[in-house]
>>> print(open('target16.txt').read())   # compact mmCIF, C-alpha atoms
# COMPACT_ATOMS: atom_id res chain seq x y z
CA MET P 1 59.85 96.55 92.26
CA ALA P 2 58.36 97.58 89.01
CA GLN P 3 56.93 100.89 90.24
CA PHE P 4 60.42 102.15 91.05
CA ARG P 5 62.21 100.93 87.96
CA ALA P 6 63.14 103.51 85.36
CA LYS P 7 61.12 103.33 82.17
CA LYS P 8 64.25 103.67 80.12
CA LEU P 9 67.55 101.92 80.83
CA ASP P 10 69.68 104.32 82.87
CA LEU P 11 72.62 102.11 83.62
CA GLY P 12 75.94 102.11 81.78
CA CYS P 13 77.61 98.98 83.09
CA PHE P 14 76.98 95.30 82.50
CA VAL P 15 73.22 94.95 82.29
CA ASN P 16 71.57 92.20 84.15
CA VAL P 17 68.25 92.06 85.94
CA ARG P 18 70.07 91.93 89.27
CA ASN P 19 72.26 94.89 88.39
CA ILE P 20 69.22 96.90 87.33
CA ARG P 21 67.47 95.96 90.55
CA ASP P 22 70.41 97.04 92.65
CA HIS P 23 70.64 100.31 90.76
CA THR P 24 66.94 100.93 91.36
CA LYS P 25 67.37 100.24 95.06
CA ARG P 26 70.18 102.75 95.26
CA LYS P 27 68.06 105.43 93.63
CA VAL P 28 65.04 104.72 95.81
CA PHE P 29 67.17 104.76 98.94
CA ALA P 30 68.74 108.10 97.99
CA GLU P 31 65.31 109.54 97.31
CA HIS P 32 63.83 108.50 100.66
CA GLU P 33 66.84 108.87 102.89
CA ALA P 34 65.73 112.20 104.35
CA GLU P 35 62.34 110.84 105.23
CA ARG P 36 63.83 107.77 106.90
CA GLN P 37 66.24 109.85 108.91
CA ALA P 38 63.46 112.20 110.01
CA LEU P 39 61.35 109.30 111.20
CA ARG P 40 64.30 107.75 113.01
CA TYR P 41 64.92 111.09 114.64
CA ILE P 42 61.33 111.38 115.81
CA ILE P 43 61.37 107.84 117.18
CA ARG P 44 64.49 108.48 119.22
CA ASN P 45 63.55 111.97 120.42
CA THR P 46 62.31 111.55 123.98
CA SER P 47 61.07 115.13 124.15
CA LEU P 48 58.29 114.34 121.71
CA SER P 49 55.06 112.76 122.82
CA GLN P 50 54.84 109.01 122.97
CA ARG P 51 52.06 108.98 120.44
CA ALA P 52 54.04 110.93 117.88
CA ARG P 53 56.93 108.55 118.33
CA ALA P 54 54.68 105.55 117.94
CA GLN P 55 53.19 107.10 114.82
CA ALA P 56 56.69 107.56 113.44
CA GLN P 57 57.51 103.93 114.21
CA LEU P 58 54.40 102.89 112.37
CA GLN P 59 55.29 104.96 109.36
CA LEU P 60 58.86 103.73 109.30
CA THR P 61 57.82 100.11 109.32
CA GLN P 62 55.36 100.82 106.55
CA MET P 63 58.00 102.22 104.21
CA HIS P 64 58.97 100.11 101.25
CA CYS P 65 61.91 97.76 101.71
CA TYR P 66 63.68 99.41 98.75
CA THR P 67 64.12 102.53 100.88
CA ARG P 68 66.45 100.65 103.24
CA SER P 69 70.18 101.03 102.90
CA THR P 70 70.68 97.36 103.75
CA GLN P 71 69.09 96.41 100.45
CA ILE P 72 72.01 97.83 98.53
CA LYS P 73 74.63 95.37 97.45
CA ASN P 74 77.78 95.93 95.45
CA ARG P 75 77.76 94.03 92.21
CA CYS P 76 80.41 93.47 89.57
CA ILE P 77 80.06 96.17 86.92
CA MET P 78 81.61 93.93 84.28
CA GLY P 79 79.85 90.66 84.96
CA GLY P 80 77.10 91.21 87.50
CA LYS P 81 78.59 88.88 90.10
CA GLY P 82 77.20 89.49 93.55
CA ARG P 83 79.89 88.06 95.78
CA GLY P 84 83.54 88.78 96.38
CA ILE P 85 83.53 92.22 94.78
CA MET P 86 86.70 94.27 95.10
CA SER P 87 85.45 97.56 96.47
CA ASP P 88 88.35 99.50 94.92
CA PHE P 89 87.17 98.66 91.43
CA ASN P 90 83.58 97.43 91.85
CA MET P 91 84.52 94.29 90.01
CA GLY P 92 84.74 90.62 90.71
CA ARG P 93 88.27 89.33 91.09
CA TYR P 94 88.38 87.54 87.77
CA GLN P 95 87.03 90.53 85.88
CA PHE P 96 89.56 92.67 87.70
CA ARG P 97 92.37 90.38 86.56
CA ILE P 98 91.18 90.34 82.94
CA ASN P 99 90.81 94.12 82.82
CA ALA P 100 94.09 94.76 84.62
CA LEU P 101 95.97 92.54 82.20
CA ALA P 102 94.29 94.28 79.27
CA GLY P 103 95.42 97.62 80.69
CA ASN P 104 91.90 98.96 81.14
CA ILE P 105 92.39 99.96 84.76
CA PRO P 106 94.64 103.02 85.02
CA GLY P 107 97.88 102.44 86.87
CA VAL P 108 97.33 98.79 87.68
CA LYS P 109 100.14 96.56 86.53
CA LYS P 110 101.44 93.14 87.29
CA ALA P 111 103.48 93.38 90.45
CA SER P 112 106.83 91.83 91.15
CA TRP P 113 108.87 92.70 94.18
CA MET E 1 121.63 123.97 71.28
CA VAL E 2 120.00 123.08 67.97
CA THR E 3 119.45 126.00 65.68
CA MET E 4 118.90 125.23 62.06
CA ILE E 5 117.50 128.38 60.62
CA TYR E 6 117.03 128.84 56.89
CA SER E 7 115.63 132.09 55.81
CA ALA E 8 113.14 132.06 52.99
CA PRO E 9 114.55 133.34 49.69
CA LEU E 10 114.07 137.09 49.49
CA ASP E 11 113.76 137.18 45.72
CA ALA E 12 113.17 134.55 43.07
CA LYS E 13 116.87 134.39 42.00
CA SER E 14 118.34 133.42 45.38
CA HIS E 15 116.58 130.08 45.82
CA LEU E 16 119.90 128.30 46.51
CA PRO E 17 120.59 127.18 50.09
CA LEU E 18 122.61 129.58 52.22
CA ASP E 19 126.37 129.39 52.08
CA LYS E 20 128.31 127.80 54.92
CA ALA E 21 129.55 131.05 56.43
CA THR E 22 126.04 132.40 56.77
CA ILE E 23 124.80 129.15 58.30
CA SER E 24 127.58 129.06 60.88
CA SER E 25 127.05 132.69 61.77
CA LEU E 26 123.34 132.00 62.15
CA ASP E 27 124.13 129.01 64.36
CA GLU E 28 126.09 131.26 66.65
CA LEU E 29 123.08 133.49 67.21
CA ARG E 30 121.54 132.71 70.56
CA LEU E 31 117.90 131.87 71.10
CA PRO E 32 115.71 134.39 72.86
CA ARG E 33 116.19 134.06 76.63
CA ALA E 34 112.61 132.98 77.30
CA VAL E 35 112.88 130.19 74.70
CA TYR E 36 116.30 129.11 75.90
CA ALA E 37 114.97 128.86 79.46
CA ALA E 38 112.81 125.93 78.33
CA TYR E 39 115.99 123.86 77.96
CA LEU E 40 117.13 124.64 81.50
CA ARG E 41 115.78 123.84 84.91
CA PRO E 42 112.82 126.04 85.86
CA LEU E 43 113.73 129.38 87.38
CA ARG E 44 112.36 130.26 90.79
CA ARG E 45 111.77 133.39 92.82
CA ALA E 46 113.18 133.80 96.29
CA PRO E 47 110.53 134.21 98.99
CA GLN E 48 110.77 137.31 101.14
CA TYR E 49 109.05 136.09 104.30
CA GLY E 50 108.55 132.38 103.66
CA VAL E 51 104.89 132.30 104.67
CA PRO E 52 103.23 129.27 103.03
CA VAL E 53 100.19 130.25 101.00
CA CYS E 54 99.40 127.23 98.89
CA ASP E 55 100.36 123.56 98.91
CA LEU E 56 99.74 121.88 95.59
CA GLN E 57 99.96 118.15 95.52
CA LEU E 58 100.22 116.42 92.16
CA ARG E 59 99.49 112.74 91.85
CA SER E 60 99.85 110.34 89.00
CA TYR E 61 100.52 106.73 88.17
CA SER E 62 103.21 107.72 85.68
CA VAL E 63 106.35 109.59 86.65
CA ARG E 64 106.91 111.10 83.22
CA ASN E 65 103.58 112.89 83.06
CA LEU E 66 103.96 114.00 86.62
CA GLU E 67 107.47 115.40 86.15
CA LEU E 68 106.43 117.27 83.05
CA PHE E 69 103.44 118.82 84.71
CA ALA E 70 105.34 119.70 87.89
CA ASP E 71 107.91 121.43 85.69
CA THR E 72 105.16 123.36 83.90
CA ALA E 73 103.68 124.38 87.23
CA MET E 74 107.05 125.67 88.46
CA ARG E 75 107.57 127.72 85.29
CA ALA E 76 104.06 129.13 85.49
CA ALA E 77 104.72 130.14 89.09
CA TYR E 78 107.94 131.87 88.08
CA TYR E 79 106.29 133.91 85.36
CA LEU E 80 103.48 134.88 87.75
CA ASN E 81 106.09 136.17 90.23
CA LEU E 82 105.20 133.51 92.76
CA PRO E 83 108.00 132.11 94.92
CA ALA E 84 107.57 128.32 94.62
CA LYS E 85 109.35 125.56 96.48
CA GLY E 86 109.63 122.09 95.10
CA PRO E 87 108.70 119.90 93.44
CA VAL E 88 109.21 117.79 96.58
CA PRO E 89 108.89 114.07 95.89
CA LEU E 90 106.51 112.69 98.50
CA PRO E 91 106.52 108.99 99.41
CA ARG E 92 104.75 107.00 96.75
CA ILE E 93 101.67 105.00 97.58
CA THR E 94 101.79 101.36 96.64
CA GLU E 95 98.60 99.36 96.63
CA ARG E 96 98.73 95.64 95.96
CA TRP E 97 96.08 93.08 95.17
CA THR E 98 96.43 89.34 94.93
CA VAL E 99 93.81 87.42 92.97
CA PRO E 100 93.52 83.80 91.87
CA ARG E 101 94.39 83.34 88.22
CA ALA E 102 91.37 81.16 87.55
CA ASN E 103 87.78 82.29 87.70
CA PHE E 104 86.88 79.31 89.86
CA ILE E 105 88.81 77.53 92.63
CA PHE E 106 92.55 76.75 92.12
CA LYS E 107 93.64 79.07 94.90
CA LYS E 108 97.23 77.81 94.73
CA SER E 109 97.95 79.73 91.57
CA GLN E 110 97.55 83.46 92.10
CA GLU E 111 98.67 86.68 90.53
CA ASN E 112 99.81 89.98 92.04
CA PHE E 113 98.81 93.40 90.82
CA GLU E 114 99.90 96.76 92.06
CA ARG E 115 99.29 100.43 91.53
CA ARG E 116 101.96 102.93 92.43
CA THR E 117 100.89 106.50 92.92
CA VAL E 118 103.74 108.97 92.68
CA ARG E 119 103.32 112.39 94.25
CA ARG E 120 104.95 115.78 94.07
CA LEU E 121 104.42 118.74 96.33
CA ILE E 122 104.80 122.36 95.24
CA GLN E 123 104.57 125.00 97.90
CA ILE E 124 103.89 128.63 97.11
CA GLN E 125 105.16 131.18 99.61
CA ASP E 126 104.30 134.83 100.05
CA GLY E 127 101.86 134.90 97.15
CA GLU E 128 98.89 137.21 96.80
CA PRO E 129 95.71 135.14 97.04
CA GLU E 130 94.49 136.47 93.72
CA VAL E 131 97.69 135.48 91.94
CA VAL E 132 97.66 132.07 93.56
CA ARG E 133 94.13 131.60 92.35
CA ALA E 134 95.18 132.63 88.86
CA TRP E 135 98.02 130.12 88.99
CA LEU E 136 95.72 127.33 90.12
CA GLY E 137 93.21 128.31 87.46
CA PHE E 138 95.90 128.22 84.80
CA LEU E 139 96.99 124.76 85.92
CA GLU E 140 93.41 123.57 85.96
CA LYS E 141 92.82 124.89 82.49
CA HIS E 142 95.93 123.18 81.14
CA GLN E 143 95.51 119.93 83.03
CA TYR E 144 97.69 117.13 81.79
CA HIS E 145 96.24 113.70 81.27
CA GLY E 146 96.77 111.26 84.09
CA VAL E 147 97.83 113.90 86.60
CA GLY E 148 95.57 114.75 89.52
CA MET E 149 95.84 117.93 91.58
CA LYS E 150 94.94 118.84 95.10
CA ALA E 151 95.59 122.25 96.59
CA ASN E 152 95.49 123.50 100.14
CA VAL E 153 95.24 127.29 100.12
CA TRP E 154 95.79 129.57 103.08
CA GLU E 155 94.87 133.21 103.04
CA TRP E 156 96.13 135.81 105.46
CA GLU E 157 93.93 138.66 106.57
CA GLU E 158 94.52 142.00 108.18
CA LEU E 159 93.70 142.59 111.83
CA GLY E 160 90.09 143.38 112.68
CA CYS E 161 88.66 141.47 109.80
CA GLY E 162 85.94 139.69 111.75
CA LYS E 163 83.04 141.63 110.33
CA LYS E 164 84.31 141.39 106.80
CA MET E 165 84.79 137.66 107.16
CA GLU E 166 81.28 137.18 108.44
CA GLU E 167 79.87 138.94 105.42
CA GLU E 168 82.08 136.93 103.11
CA ALA E 169 81.09 133.69 104.78
CA LYS E 170 77.44 134.54 104.30
CA ALA E 171 77.94 135.27 100.63
CA ALA E 172 80.03 132.15 100.16
CA ALA E 173 77.45 129.99 101.93
CA GLU E 174 74.73 131.29 99.65
CA GLU E 175 76.85 130.47 96.66
CA THR E 176 77.91 126.99 97.70
CA ASN E 177 74.82 125.79 99.53
CA GLY E 178 73.30 124.33 96.41
CA LEU E 179 76.58 122.99 95.10
CA TRP E 180 77.68 121.15 98.24
CA GLU E 181 74.25 120.15 99.48
CA GLY E 182 74.87 116.45 99.25
CA PHE E 183 78.51 116.56 100.28
CA GLY E 184 79.67 114.79 103.40
CA ARG E 185 78.05 112.22 105.58
CA ARG E 186 74.67 113.13 107.01
CA LYS E 187 75.69 116.70 107.55
CA LEU E 188 72.22 117.91 106.76
CA GLY E 189 70.06 117.34 109.77
CA PRO E 190 66.59 115.96 109.30
CA GLU E 191 65.06 119.12 110.82
CA GLU E 192 63.05 120.25 107.84
CA LYS E 193 61.70 116.84 107.09
CA VAL E 194 60.90 116.35 110.76
CA ARG E 195 58.98 119.60 110.87
CA GLU E 196 57.12 118.62 107.73
CA LEU E 197 56.24 115.21 109.15
CA LEU E 198 55.14 116.55 112.54
CA ASN E 199 52.87 119.03 110.81
CA SER E 200 51.36 116.38 108.59
CA GLU E 201 47.80 115.29 109.15
CA PRO E 202 48.33 111.87 110.75
CA PHE E 203 50.89 113.23 113.19
CA ARG E 204 48.79 116.17 114.22
CA ARG E 205 45.89 113.89 114.88
CA ALA E 206 48.04 111.46 116.83
CA MET E 207 49.55 114.21 118.95
CA HIS E 208 46.65 116.56 119.61
CA GLY E 209 43.63 114.35 119.54
CA ASP E 210 42.52 110.99 120.72
CA ALA E 211 42.24 109.61 117.22
CA PRO E 212 43.74 106.19 116.54
CA MET E 213 47.13 106.10 114.85
CA ILE E 214 46.67 106.26 111.14
CA LEU E 215 48.75 105.14 108.25
CA PRO E 216 49.84 108.05 106.07
CA GLU E 217 48.26 108.58 102.75
CA LYS E 218 50.71 107.45 100.09
CA GLU E 219 50.80 107.01 96.39
CA GLY E 220 50.78 103.47 95.13
CA ARG E 221 49.91 101.91 98.46
CA GLY E 222 46.19 101.92 97.78
CA GLN E 223 45.33 102.93 101.33
CA GLU E 224 43.16 105.96 101.76
CA TYR E 225 43.13 108.27 104.67
CA LYS E 226 39.78 108.24 106.32
CA THR E 227 38.46 110.74 108.78
CA PRO E 228 37.72 108.98 112.06
CA LEU E 229 34.03 108.43 112.64
CA HIS E 230 33.67 110.58 115.71
CA GLU E 231 35.04 113.56 113.77
CA VAL E 232 32.65 113.08 110.88
CA GLY E 233 29.77 113.75 113.16
CA ARG E 234 31.26 116.98 114.39
CA GLY E 235 31.87 118.45 110.94
>>> encode(input="target16.txt", output="structure tokens")
Amino acid sequence: MAQFRAKKLDLGCFVNVRNIRDHTKRKVFAEHEAERQALRYIIRNTSLSQRARAQAQLQLTQMHCYTRSTQIKNRCIMGGKGRGIMSDFNMGRYQFRINALAGNIPGVKKASW
Amino acid sequence: MVTMIYSAPLDAKSHLPLDKATISSLDELRLPRAVYAAYLRPLRRAPQYGVPVCDLQLRSYSVRNLELFADTAMRAAYYLNLPAKGPVPLPRITERWTVPRANFIFKKSQENFERRTVRRLIQIQDGEPEVVRAWLGFLEKHQYHGVGMKANVWEWEELGCGKKMEEEAKAAAEETNGLWEGFGRRKLGPEEKVRELLNSEPFRRAMHGDAPMILPEKEGRGQEYKTPLHEVGRG
């Protein structure tokens, strides 16, 4: 969402609207994580009054979807691909192969055994 | 040993190279011990009690860099009077990945990649904590490219040190609280935030009054907090 997006580009990898969006979601989630956890705690705490817990439920459902951790998705830092990302390198498999062959990934070589 | 030493001409007349006898006699001169030691395996001190104080693990993808740095670390330990054991070659970690060669379909033709991490372990025994810290600091300052370090340090205290340790822990916590705030997984409880939320206006109303549940006032949501009607009258 536009209100969360940084005014100036603050991303160093492959730039793509989807990559920027994912980056924004990560930042927003990090910012609001404490609040989310507090609300979740209140909701689950049976020693608090029912009304307070209901109020917390209400507030939690009203929070923006960008504050959810499930909105975050790993994307390829070299090509922006959204599926089949190797979590070790944050890259799609083809980009991984290209970069490994070019020697850009430290220590990764062609294997033969 | 390679020693080719030519002294600079002392006066303007003797600019000719040295005669053979002088050269051979110069060749026979030995290097200073400390310099000559660089050609030999690193010296090591014998531990008196054998109490482990520090385990330093070095990791790299290249054996050459790793060997060189492990050697440096051993020499540094010797000159700091630290008894060091090692470098012990630990089992190397091999990670393998198989990916299709093509960017799209053609799964039958794939390629294998691997990354081998080689490791060395250096153990310091019977060292004073301060010296061990100096050693680690020296190694950190002169880090070699492509070599990672990880150190486990154990310190031994005198008996009856409980009070002292408590004080130290307090001081250390003050120092590191800011630095390690975000470290670990949900270590920080939500207590503060919970307190803040429970003391906020909508919650207080929900808990201590019979007011309807109210959405919190938030920036950018365009929803304003309104005082319930029955309270307006009271004010």
>>> closest_atom_pairs(input="target16.txt", of="chain E", to="chain P", cutoff="6 Å", atoms="only C-alpha atoms", output="Markdown table")
| residue | atom | partner | partner_atom | distance |
| --- | --- | --- | --- | --- |
| E:Tyr61 | CA | P:Gly107 | CA | 5.2 |
| E:Asn103 | CA | P:Tyr94 | CA | 5.3 |
| E:Asn112 | CA | P:Ala111 | CA | 5.2 |
| E:Phe113 | CA | P:Lys110 | CA | 4.4 |
| E:Glu114 | CA | P:Ala111 | CA | 5.2 |
| E:Arg115 | CA | P:Val108 | CA | 4.6 |
| E:Pro190 | CA | P:Ala38 | CA | 4.9 |
| E:Lys193 | CA | P:Ala38 | CA | 5.8 |
| E:Val194 | CA | P:Ala38 | CA | 4.9 |
| E:Ala206 | CA | P:Arg51 | CA | 5.9 |
| E:Met207 | CA | P:Ala52 | CA | 5.7 |
>>> residues_around(input="target16.txt", residues="Leu40 in chain E", least_positions_apart="6", cutoff="12 Å", atoms="only C-alpha atoms", output="PyMOL selection string")
chain E and resi 1+33-34+71+75
>>> atom_distance(input="target16.txt", atom1="CA of Met165 in chain E", atom2="CA of Glu130 in chain E")
16.6 Å
>>> atom_distance(input="target16.txt", atom1="CA of Val153 in chain E", atom2="CA of Ala172 in chain E")
16.0 Å
>>> residues_around(input="target16.txt", residues="Leu11 in chain P", least_positions_apart="5", cutoff="9 Å", atoms="only C-alpha atoms", output="count of residues only")
3
>>> atom_distance(input="target16.txt", atom1="CA of Glu167 in chain E", atom2="CA of Leu80 in chain E")
29.8 Å
>>> residues_near_point(input="target16.txt", point="(68.9, 101.9, 99.4)", cutoff="10 Å", atoms="all atoms listed in the file", output="ChimeraX atom specification")
/P:22-33,65-73
>>> build_atoms(input="target16.txt", residues="range 3-14 of chain P", atoms="all heavy atoms", output="compact mmCIF listing (two decimals), keeping the file's coordinate frame")
# COMPACT_ATOMS: atom_id res chain seq x y z
N GLN P 3 57.34 99.48 90.21
CA GLN P 3 56.93 100.89 90.24
C GLN P 3 58.12 101.82 90.39
O GLN P 3 58.03 103.00 90.08
CB GLN P 3 55.90 101.13 91.36
CG GLN P 3 56.47 101.24 92.75
CD GLN P 3 56.28 99.94 93.53
OE1 GLN P 3 56.29 98.87 92.94
NE2 GLN P 3 56.10 100.05 94.81
N PHE P 4 59.25 101.30 90.86
CA PHE P 4 60.42 102.15 91.05
C PHE P 4 61.33 102.15 89.83
O PHE P 4 62.13 103.05 89.65
CB PHE P 4 61.23 101.67 92.25
CG PHE P 4 60.50 101.81 93.56
CD1 PHE P 4 60.33 100.72 94.39
CD2 PHE P 4 60.00 103.04 93.96
CE1 PHE P 4 59.66 100.85 95.59
CE2 PHE P 4 59.34 103.17 95.17
CZ PHE P 4 59.17 102.07 95.98
N ARG P 5 61.22 101.09 89.04
CA ARG P 5 62.21 100.93 87.96
C ARG P 5 62.04 102.00 86.90
O ARG P 5 60.92 102.39 86.57
CB ARG P 5 62.05 99.54 87.34
CG ARG P 5 63.18 99.17 86.43
CD ARG P 5 63.16 97.69 86.14
NE ARG P 5 63.35 96.90 87.35
CZ ARG P 5 63.17 95.59 87.41
NH1 ARG P 5 62.80 94.92 86.34
NH2 ARG P 5 63.35 94.94 88.53
N ALA P 6 63.17 102.47 86.39
CA ALA P 6 63.14 103.51 85.36
C ALA P 6 62.53 102.94 84.09
O ALA P 6 62.76 101.78 83.74
CB ALA P 6 64.54 104.02 85.09
N LYS P 7 61.78 103.80 83.39
CA LYS P 7 61.12 103.33 82.17
C LYS P 7 62.15 103.04 81.08
O LYS P 7 61.98 102.17 80.25
CB LYS P 7 60.15 104.40 81.67
CG LYS P 7 59.01 104.65 82.66
CD LYS P 7 57.94 103.60 82.58
CE LYS P 7 56.90 103.76 83.65
NZ LYS P 7 57.40 103.50 85.01
N LYS P 8 63.22 103.81 81.14
CA LYS P 8 64.25 103.67 80.12
C LYS P 8 65.52 103.24 80.83
O LYS P 8 65.78 103.67 81.96
CB LYS P 8 64.47 105.03 79.47
CG LYS P 8 64.91 104.97 78.03
CD LYS P 8 64.88 106.38 77.45
CE LYS P 8 66.05 106.60 76.54
NZ LYS P 8 66.19 107.99 76.16
N LEU P 9 66.32 102.41 80.20
CA LEU P 9 67.55 101.92 80.83
C LEU P 9 68.46 103.09 81.18
O LEU P 9 68.81 103.90 80.32
CB LEU P 9 68.26 100.97 79.89
CG LEU P 9 69.49 100.27 80.47
CD1 LEU P 9 69.08 99.30 81.55
CD2 LEU P 9 70.27 99.57 79.41
N ASP P 10 68.82 103.20 82.47
CA ASP P 10 69.68 104.32 82.87
C ASP P 10 70.93 103.80 83.55
O ASP P 10 71.38 104.31 84.55
CB ASP P 10 68.90 105.26 83.81
CG ASP P 10 68.38 104.52 85.02
OD1 ASP P 10 68.37 103.29 84.99
OD2 ASP P 10 67.99 105.19 85.98
N LEU P 11 71.48 102.75 82.99
CA LEU P 11 72.62 102.11 83.62
C LEU P 11 73.67 101.85 82.54
O LEU P 11 73.34 101.35 81.46
CB LEU P 11 72.14 100.80 84.25
CG LEU P 11 73.05 100.07 85.20
CD1 LEU P 11 73.46 100.99 86.32
CD2 LEU P 11 72.34 98.87 85.75
N GLY P 12 74.93 102.21 82.83
CA GLY P 12 75.94 102.11 81.78
C GLY P 12 76.80 100.88 81.86
O GLY P 12 77.59 100.62 80.96
N CYS P 13 76.68 100.10 82.92
CA CYS P 13 77.61 98.98 83.09
C CYS P 13 76.99 97.71 82.51
O CYS P 13 76.07 97.77 81.71
CB CYS P 13 77.94 98.81 84.56
SG CYS P 13 76.56 98.26 85.54
N PHE P 14 77.53 96.59 82.90
CA PHE P 14 76.98 95.30 82.50
C PHE P 14 75.52 95.24 82.91
O PHE P 14 75.20 95.51 84.06
CB PHE P 14 77.78 94.19 83.18
CG PHE P 14 77.28 92.81 82.89
CD1 PHE P 14 77.67 92.15 81.75
CD2 PHE P 14 76.39 92.19 83.76
CE1 PHE P 14 77.21 90.89 81.47
CE2 PHE P 14 75.92 90.92 83.49
CZ PHE P 14 76.33 90.27 82.35
